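Data first, discussion second: the structure below is written as structure tokens.
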Amino acid sequence: MRQLSTQDADFEQQLTTLLAFETVNDADLLKTVDDIIAQVRHDGDSVVLALTQQFDQHPATSMHELELSQEALAKAFTNLDTKVKEALTTAATRVQTFHERQVQETWEYKDELGNRLGQKVTPLDRVGIYVPGGLASYPSSVLMNAIPAKVAGVKEIIMVVPAPKGILNPLVLAAAHLAKVDRVFTIGGAQAVAALAYGTETIPSVDKITGPGNKYVAAAKRAVFGQVGIDMIAGPSEVLVYAEGQADDRADWLAMDLLSQAEHDRIAQAIFVTTSAEQLAEVAVEIEKALADLPKADIARDSLKNRGALILVQDRAEGMEVINRVAPEHLELSVDDPDTLLDDIRHAGAIFMGRHTPEAIGDYCAGPNHVLPTSGTARFSSPLGVYDFQKKSSIVYCSESGSKPLAETADILAQREDLEAHARSARYRYQS
């Protein structure tokens, strides 16, 4: 795992290299995805079935076999171990409670001319959520995508989840039941995204697609954007842990928080930033200790080698500069006084405050969404939320008297833009 210091002569270049990552810019990848999308648009169900058989070795021989019934989802929930069922229910309840506070309402006001102006907030009709399957099988992703959509008032949620060799994680199905997902199809990859975007004989087209996936899913989401909305182009998981070598810090906790992201996949990113050289060395030692018995140690080692870093900064101000430069998906502030840092943090997907708030809690049950901007996009993006499943329509209602002064203003401006029909349309209202 590389070690950097802001005092290195080439620190800025080293940091730029560390953060460089392109999710979906490979020409061969984009062509493969474009070809799959074109096939699905042309042949619908038959191509989706054939590609599912090819890529997932799914034993289904018809599209009907790829859809799960509500009874199957309910059975999966009923059959859960009691403690697991309680944990999943607790997570779902907390996610719902948090997202209920995000609901935006229609509003109006009257201006000084007596005209009514406002904004009408409406839920999307139908959304598709992509849930990873196989090795990366996350029931938490079901909750984080479906519950905000339901809270927003979305009428229908279509879930797609790959089932390699027909095998599904029962916990994913149980989460779909708990989150009240309407229909579930066991398909994945670019073909699933294309089916959601354009529809097939069996799968209805949606208005927006959310949820993480592999590089083919990310490329497909980018390709269909415009036909449908998308949440974001998700990159690999990231965490930045910041500490200052304070008395209550525990190096083993800090190390494990870094590894909790590194074990996701070989291109996940874990960065530790500290003002203490001694603490940096201690965390490096604890990482090696923890890797000795970590089940996914091989993945974590590759992640730390490829994209991980231990960064020494001279003071808190430099630490904040590095944080904002990275704009991490997850930011942990392992300090005595995390509230005093908030004003200086401009870019982060989610901020975990204090030593007793590991990012892992946020992944499952804190309440806020774990679908977060990655690859530096926290500079301009936000976590997935209820607002992603609502849209706004402007309301403009002019009275006869209130219309006249606005129409005269519009007439003048339209003439200056050389749009005569606009000008006359407005003029008729105040000259009639």
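Residue numbering restarts at 1 in every chain; chains get A, B, ... in the order shown in the structure tokens, and ligands count up from 1 in that same order.
Selecting strand (DSSP E or B) from the backbone DSSP output for region 279-396 of chain A yields Ala309, Leu310, Ile311, Leu312, His330, Leu331, Glu332, Leu333, Ser334, Ala350, Ile351, Phe352, Met353, Gln390, Lys391, Lys392, Ser393, Ser394, Ile395 and Val396 of chain A.
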Report task. Give me the residues within 12 Å of Gln53 (chain A) as a ChimeraX atom specification, counting only C-alpha atoms and dropping any in the same chain fewer than 2 places off. Result -> /A:46-51,55-63,65-66,162-166,186-189,191
Query raised in the report: If we count only C-alpha atoms, what is near Tyr430 (chain A) at a cut-off of 9 Å, once residues fewer than 5 positions away on the same chain are taken out, given as a PyMOL selection string?
Result: chain A and resi 400-401+403-408
Residues as selected, C-alpha atoms, written as a JSON list (two decimals), in the first residue's frame, can you do that?
[["chain", "number", "residue", "atom", "x", "y", "z"],
["A", 400, "GLU", "CA", -56.39, 39.02, -16.89],
["A", 401, "SER", "CA", -55.04, 42.11, -15.14],
["A", 403, "SER", "CA", -51.06, 39.15, -17.42],
["A", 404, "LYS", "CA", -50.83, 42.56, -19.09],
["A", 405, "PRO", "CA", -47.60, 43.92, -17.52],
["A", 406, "LEU", "CA", -45.85, 40.57, -17.91],
["A", 407, "ALA", "CA", -46.99, 40.28, -21.52],
["A", 408, "GLU", "CA", -45.57, 43.73, -22.29]]
Report task. List the neighbours of Lys85 (chain A) out to 10 Å using only C-alpha atoms; skip same-chain residues closer than 6 positions along the sequence, and give me the result as a VMD selection string. Result -> chain A and resid 77 to 79 91 171 174 to 175 178
If you keep N, CA, C and O atoms, can you produce a file of those selected residues as an mmCIF file, in the first residue's frame?
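File written: out-v4.cif
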data_model
loop_
_atom_site.group_PDB
_atom_site.id
_atom_site.type_symbol
_atom_site.label_atom_id
_atom_site.label_comp_id
_atom_site.auth_asym_id
_atom_site.auth_seq_id
_atom_site.Cartn_x
_atom_site.Cartn_y
_atom_site.Cartn_z
ATOM 1 N N PHE A 77 -39.014 -14.322 2.428
ATOM 2 C CA PHE A 77 -39.007 -13.535 3.670
ATOM 3 C C PHE A 77 -39.446 -14.395 4.848
ATOM 4 O O PHE A 77 -38.814 -14.381 5.913
ATOM 5 N N THR A 78 -40.498 -15.162 4.676
ATOM 6 C CA THR A 78 -41.020 -16.004 5.751
ATOM 7 C C THR A 78 -39.986 -17.020 6.229
ATOM 8 O O THR A 78 -39.899 -17.322 7.433
ATOM 9 N N ASN A 79 -39.200 -17.522 5.316
ATOM 10 C CA ASN A 79 -38.238 -18.582 5.640
ATOM 11 C C ASN A 79 -36.933 -18.078 6.241
ATOM 12 O O ASN A 79 -36.054 -18.878 6.582
ATOM 13 N N ALA A 91 -33.566 -2.495 9.299
ATOM 14 C CA ALA A 91 -32.916 -1.681 8.263
ATOM 15 C C ALA A 91 -33.956 -1.009 7.380
ATOM 16 O O ALA A 91 -33.866 0.193 7.091
ATOM 17 N N LEU A 171 -32.094 -13.754 0.535
ATOM 18 C CA LEU A 171 -32.197 -12.498 1.267
ATOM 19 C C LEU A 171 -32.540 -11.337 0.327
ATOM 20 O O LEU A 171 -33.245 -10.403 0.705
ATOM 21 N N ALA A 174 -36.211 -11.652 -0.209
ATOM 22 C CA ALA A 174 -36.907 -11.209 1.001
ATOM 23 C C ALA A 174 -36.932 -9.689 1.087
ATOM 24 O O ALA A 174 -37.946 -9.089 1.481
ATOM 25 N N ALA A 175 -35.816 -9.056 0.722
ATOM 26 C CA ALA A 175 -35.763 -7.589 0.729
ATOM 27 C C ALA A 175 -36.734 -7.010 -0.287
ATOM 28 O O ALA A 175 -37.375 -5.980 -0.035
ATOM 29 N N LEU A 178 -40.104 -7.117 1.302
ATOM 30 C CA LEU A 178 -40.228 -6.113 2.357
ATOM 31 C C LEU A 178 -40.365 -4.712 1.777
ATOM 32 O O LEU A 178 -41.095 -3.870 2.320
#
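Pairwise distance (CA of Asp339 (chain A), CA of Phe352 (chain A)) equals 10.6 Å.
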Query raised in the report: Suppose you want the space between CA of Leu310 (chain A) and CA of Ile271 (chain A); what is it in Å?
Result: 5.9 Å
Report task. Excluding Leu342 (chain A) and any residue of its chain fewer than 3 positions from it, enumerate the residues within 10 Å of it, using only C-alpha atoms, and give them as a VMD selection string. Result -> chain A and resid 320 333 337 to 339 345 to 346 351 353
Selected residues written out, N, CA and C atoms, as a tab-separated table (two decimals), in the first residue's frame:
chain	number	residue	atom	x	y	z
A	320	MET	N	-8.20	18.77	5.16
A	320	MET	CA	-9.45	19.18	4.51
A	320	MET	C	-9.24	19.41	3.01
A	333	LEU	N	-14.79	10.64	9.70
A	333	LEU	CA	-14.05	11.62	10.49
A	333	LEU	C	-13.82	11.02	11.87
A	337	ASP	N	-13.83	15.89	17.62
A	337	ASP	CA	-14.76	17.00	17.37
A	337	ASP	C	-15.17	17.06	15.89
A	338	PRO	N	-15.82	16.03	15.35
A	338	PRO	CA	-16.12	16.01	13.92
A	338	PRO	C	-16.99	17.17	13.46
A	339	ASP	N	-17.86	17.69	14.34
A	339	ASP	CA	-18.73	18.79	13.94
A	339	ASP	C	-17.93	20.02	13.52
A	345	ILE	N	-15.72	20.87	4.80
A	345	ILE	CA	-15.88	19.76	3.85
A	345	ILE	C	-16.93	20.14	2.82
A	346	ARG	N	-16.50	20.25	1.59
A	346	ARG	CA	-17.40	20.66	0.50
A	346	ARG	C	-17.85	19.48	-0.35
A	351	ILE	N	-20.96	11.45	5.06
A	351	ILE	CA	-19.97	11.80	6.09
A	351	ILE	C	-20.32	11.06	7.37
A	353	MET	N	-19.55	10.54	11.21
A	353	MET	CA	-19.03	11.43	12.23
A	353	MET	C	-18.59	10.68	13.48
Closest-contact table, region 256-342 of chain A side, partner region 362-365 of chain A, 12 Å, counting only C-alpha atoms, as CSV:
residue,atom,partner,partner_atom,distance
A:Ser260,CA,A:Asp363,CA,10.4
A:Gln261,CA,A:Asp363,CA,10.6
A:Glu329,CA,A:Gly362,CA,11.7
A:His330,CA,A:Gly362,CA,9.2
A:Leu331,CA,A:Gly362,CA,11.0
A:Glu332,CA,A:Gly362,CA,10.9
Query raised in the report: Taking only C-alpha atoms into account, which of A:Ala76, A:Met144, A:Ala277, A:Gly199 comes nearest Asp43 (chain A)?
Result: A:Gly199
Requested in this report: Just the alpha helix (DSSP H) stuff from region 128-242 of chain A, please, per backbone DSSP, written as JSON, numbers by chain.
Outcome: {"A": [139, 140, 141, 142, 143, 144, 145, 146, 147, 148, 149, 150, 151, 152, 170, 171, 172, 173, 174, 175, 176, 177, 178, 189, 190, 191, 192, 193, 194, 195, 196, 197, 198, 215, 216, 217, 218, 219, 220, 221, 222, 223, 224]}
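Distances here use only C-alpha atoms; by that measure, the residue among A:Glu100, A:Asp28, A:Glu288, A:Asp388 closest to Val151 (chain A) is A:Glu100.
With only C-alpha atoms as the atoms that count, the minimum distance from Thr340 (chain A) to the choices A:Gly354, A:Pro123, A:Asp182, A:Pro212 is reached by A:Gly354.
Distance-wise, CA of Leu254 (chain A) and CA of Glu278 (chain A) end up 13.6 Å apart.
Using only C-alpha atoms, the nearest neighbour of Gln102 (chain A) within the list A:Val326, A:Glu417, A:Ala262, A:Ala149 is A:Ala149.
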Query raised in the report: Excluding same-chain residues fewer than 6 positions from Pro383 (chain A), what lies within 9 Å of it counting only C-alpha atoms, as a VMD selection string?
Result: chain A and resid 349 to 350 368 to 373
Requested in this report: Using only C-alpha atoms, pick whichever of A:Val217, A:Gln96, A:Ser69, A:Gln7 has the shortest atom-to-atom distance to Ile36 (chain A).
Outcome: A:Val217
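Each of A:Asp81, A:Glu108, A:Glu67, A:Leu73 was checked against Ser394 (chain A) using only C-alpha atoms; the smallest atom-to-atom distance is that of A:Glu108.
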Query raised in the report: Excluding same-chain residues fewer than 4 positions from region 268-270 of chain A, what lies within 12 Å of it counting only C-alpha atoms, as number ranges by chain?
Result: A: 1-2, 18-21, 23, 234-242, 254-264, 287, 299-311, 326, 328-332, 359, 374-376
Output N, CA and C atoms for every residue in that selection, as a short mmCIF file (atom, residue, chain, number, x, y, z; two decimals), in the first residue's frame.
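See part36.cif below for the written result:
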data_model
loop_
_atom_site.label_atom_id
_atom_site.label_comp_id
_atom_site.auth_asym_id
_atom_site.auth_seq_id
_atom_site.Cartn_x
_atom_site.Cartn_y
_atom_site.Cartn_z
N MET A 1 0.86 -1.19 0.00
CA MET A 1 0.00 0.00 0.00
C MET A 1 0.89 1.24 0.00
N ARG A 2 0.68 2.09 -0.96
CA ARG A 2 1.57 3.25 -1.10
C ARG A 2 1.38 4.25 0.04
N LEU A 18 -3.36 8.52 -8.40
CA LEU A 18 -4.13 7.66 -7.50
C LEU A 18 -5.62 7.74 -7.78
N LEU A 19 -6.11 8.93 -8.08
CA LEU A 19 -7.55 9.15 -8.24
C LEU A 19 -8.04 8.88 -9.65
N ALA A 20 -7.12 8.74 -10.60
CA ALA A 20 -7.52 8.57 -12.00
C ALA A 20 -8.28 7.26 -12.17
N PHE A 21 -9.50 7.35 -12.68
CA PHE A 21 -10.27 6.14 -12.94
C PHE A 21 -11.36 6.46 -13.94
N THR A 23 -14.63 4.81 -15.70
CA THR A 23 -15.52 3.67 -15.53
C THR A 23 -15.91 3.02 -16.86
N ALA A 234 -22.12 4.60 -11.68
CA ALA A 234 -21.43 4.23 -10.45
C ALA A 234 -20.07 3.61 -10.72
N GLY A 235 -19.06 4.08 -10.03
CA GLY A 235 -17.74 3.49 -10.08
C GLY A 235 -17.54 2.56 -8.90
N PRO A 236 -16.33 2.08 -8.68
CA PRO A 236 -16.06 1.20 -7.55
C PRO A 236 -16.19 1.92 -6.21
N SER A 237 -16.40 1.13 -5.16
CA SER A 237 -16.58 1.69 -3.82
C SER A 237 -15.33 2.42 -3.34
N GLU A 238 -15.55 3.45 -2.51
CA GLU A 238 -14.45 4.27 -2.00
C GLU A 238 -14.70 4.63 -0.53
N VAL A 239 -13.62 4.74 0.22
CA VAL A 239 -13.70 5.33 1.55
C VAL A 239 -12.44 6.14 1.80
N LEU A 240 -12.60 7.28 2.45
CA LEU A 240 -11.48 8.06 2.95
C LEU A 240 -11.70 8.20 4.45
N VAL A 241 -10.73 7.72 5.21
CA VAL A 241 -10.78 7.81 6.68
C VAL A 241 -9.78 8.88 7.12
N TYR A 242 -10.28 9.86 7.88
CA TYR A 242 -9.42 10.95 8.36
C TYR A 242 -9.28 10.86 9.88
N LEU A 254 -9.42 1.70 12.62
CA LEU A 254 -9.16 2.45 11.40
C LEU A 254 -8.78 1.52 10.25
N ALA A 255 -7.93 0.54 10.56
CA ALA A 255 -7.51 -0.41 9.54
C ALA A 255 -8.70 -1.21 8.99
N MET A 256 -9.56 -1.66 9.89
CA MET A 256 -10.70 -2.45 9.45
C MET A 256 -11.70 -1.62 8.66
N ASP A 257 -11.84 -0.35 8.99
CA ASP A 257 -12.73 0.52 8.21
C ASP A 257 -12.21 0.66 6.79
N LEU A 258 -10.90 0.74 6.62
CA LEU A 258 -10.33 0.79 5.28
C LEU A 258 -10.57 -0.53 4.54
N LEU A 259 -10.37 -1.63 5.23
CA LEU A 259 -10.55 -2.94 4.61
C LEU A 259 -12.02 -3.23 4.27
N SER A 260 -12.93 -2.58 4.98
CA SER A 260 -14.35 -2.81 4.69
C SER A 260 -14.72 -2.36 3.29
N GLN A 261 -13.96 -1.45 2.74
CA GLN A 261 -14.18 -1.07 1.34
C GLN A 261 -13.28 -1.86 0.40
N ALA A 262 -12.05 -2.11 0.83
CA ALA A 262 -11.11 -2.82 -0.02
C ALA A 262 -11.59 -4.22 -0.36
N GLU A 263 -12.38 -4.85 0.51
CA GLU A 263 -12.84 -6.20 0.24
C GLU A 263 -13.96 -6.25 -0.80
N HIS A 264 -14.51 -5.10 -1.19
CA HIS A 264 -15.58 -5.07 -2.19
C HIS A 264 -15.11 -5.65 -3.51
N ILE A 287 -3.32 -3.14 9.30
CA ILE A 287 -3.88 -3.65 8.05
C ILE A 287 -3.29 -5.02 7.73
N ILE A 299 -8.64 -10.20 -2.50
CA ILE A 299 -9.29 -9.05 -3.14
C ILE A 299 -8.84 -7.76 -2.46
N ALA A 300 -8.85 -7.76 -1.13
CA ALA A 300 -8.47 -6.55 -0.39
C ALA A 300 -7.02 -6.16 -0.67
N ARG A 301 -6.12 -7.14 -0.73
CA ARG A 301 -4.72 -6.83 -1.00
C ARG A 301 -4.56 -6.17 -2.36
N ASP A 302 -5.23 -6.71 -3.36
CA ASP A 302 -5.14 -6.13 -4.70
C ASP A 302 -5.69 -4.71 -4.71
N SER A 303 -6.81 -4.52 -4.01
CA SER A 303 -7.43 -3.19 -3.94
C SER A 303 -6.47 -2.18 -3.31
N LEU A 304 -5.87 -2.55 -2.18
CA LEU A 304 -4.95 -1.65 -1.50
C LEU A 304 -3.70 -1.37 -2.33
N LYS A 305 -3.22 -2.40 -3.03
CA LYS A 305 -2.04 -2.23 -3.87
C LYS A 305 -2.34 -1.36 -5.08
N ASN A 306 -3.48 -1.58 -5.69
CA ASN A 306 -3.81 -0.88 -6.93
C ASN A 306 -4.25 0.56 -6.69
N ARG A 307 -5.08 0.78 -5.66
CA ARG A 307 -5.71 2.09 -5.55
C ARG A 307 -5.73 2.64 -4.13
N GLY A 308 -5.13 1.93 -3.18
CA GLY A 308 -5.12 2.40 -1.80
C GLY A 308 -3.96 3.34 -1.52
N ALA A 309 -4.05 4.07 -0.40
CA ALA A 309 -2.96 4.98 -0.02
C ALA A 309 -3.08 5.38 1.45
N LEU A 310 -1.93 5.57 2.06
CA LEU A 310 -1.82 6.18 3.39
C LEU A 310 -1.17 7.54 3.18
N ILE A 311 -1.88 8.59 3.54
CA ILE A 311 -1.41 9.94 3.22
C ILE A 311 -1.15 10.73 4.50
N VAL A 326 -10.19 14.77 -3.13
CA VAL A 326 -10.62 13.40 -3.42
C VAL A 326 -12.13 13.34 -3.67
N PRO A 328 -14.60 12.01 -1.71
CA PRO A 328 -14.86 10.58 -1.56
C PRO A 328 -16.34 10.22 -1.49
N GLU A 329 -16.62 9.00 -1.89
CA GLU A 329 -17.96 8.45 -1.75
C GLU A 329 -18.33 8.39 -0.27
N HIS A 330 -17.47 7.77 0.53
CA HIS A 330 -17.66 7.68 1.98
C HIS A 330 -16.51 8.40 2.67
N LEU A 331 -16.84 9.24 3.65
CA LEU A 331 -15.82 9.95 4.43
C LEU A 331 -16.05 9.67 5.90
N GLU A 332 -15.04 9.12 6.56
CA GLU A 332 -15.10 8.93 8.01
C GLU A 332 -14.22 9.96 8.69
N GLU A 359 -18.43 3.30 8.44
CA GLU A 359 -19.17 3.35 7.17
C GLU A 359 -20.06 2.14 7.00
N THR A 374 -19.52 8.45 -6.81
CA THR A 374 -18.16 7.92 -6.74
C THR A 374 -17.26 8.64 -7.73
N SER A 375 -15.98 8.27 -7.71
CA SER A 375 -15.00 8.78 -8.68
C SER A 375 -14.96 10.31 -8.74
N GLY A 376 -15.08 10.94 -7.60
CA GLY A 376 -15.00 12.40 -7.54
C GLY A 376 -16.27 13.13 -7.90
#
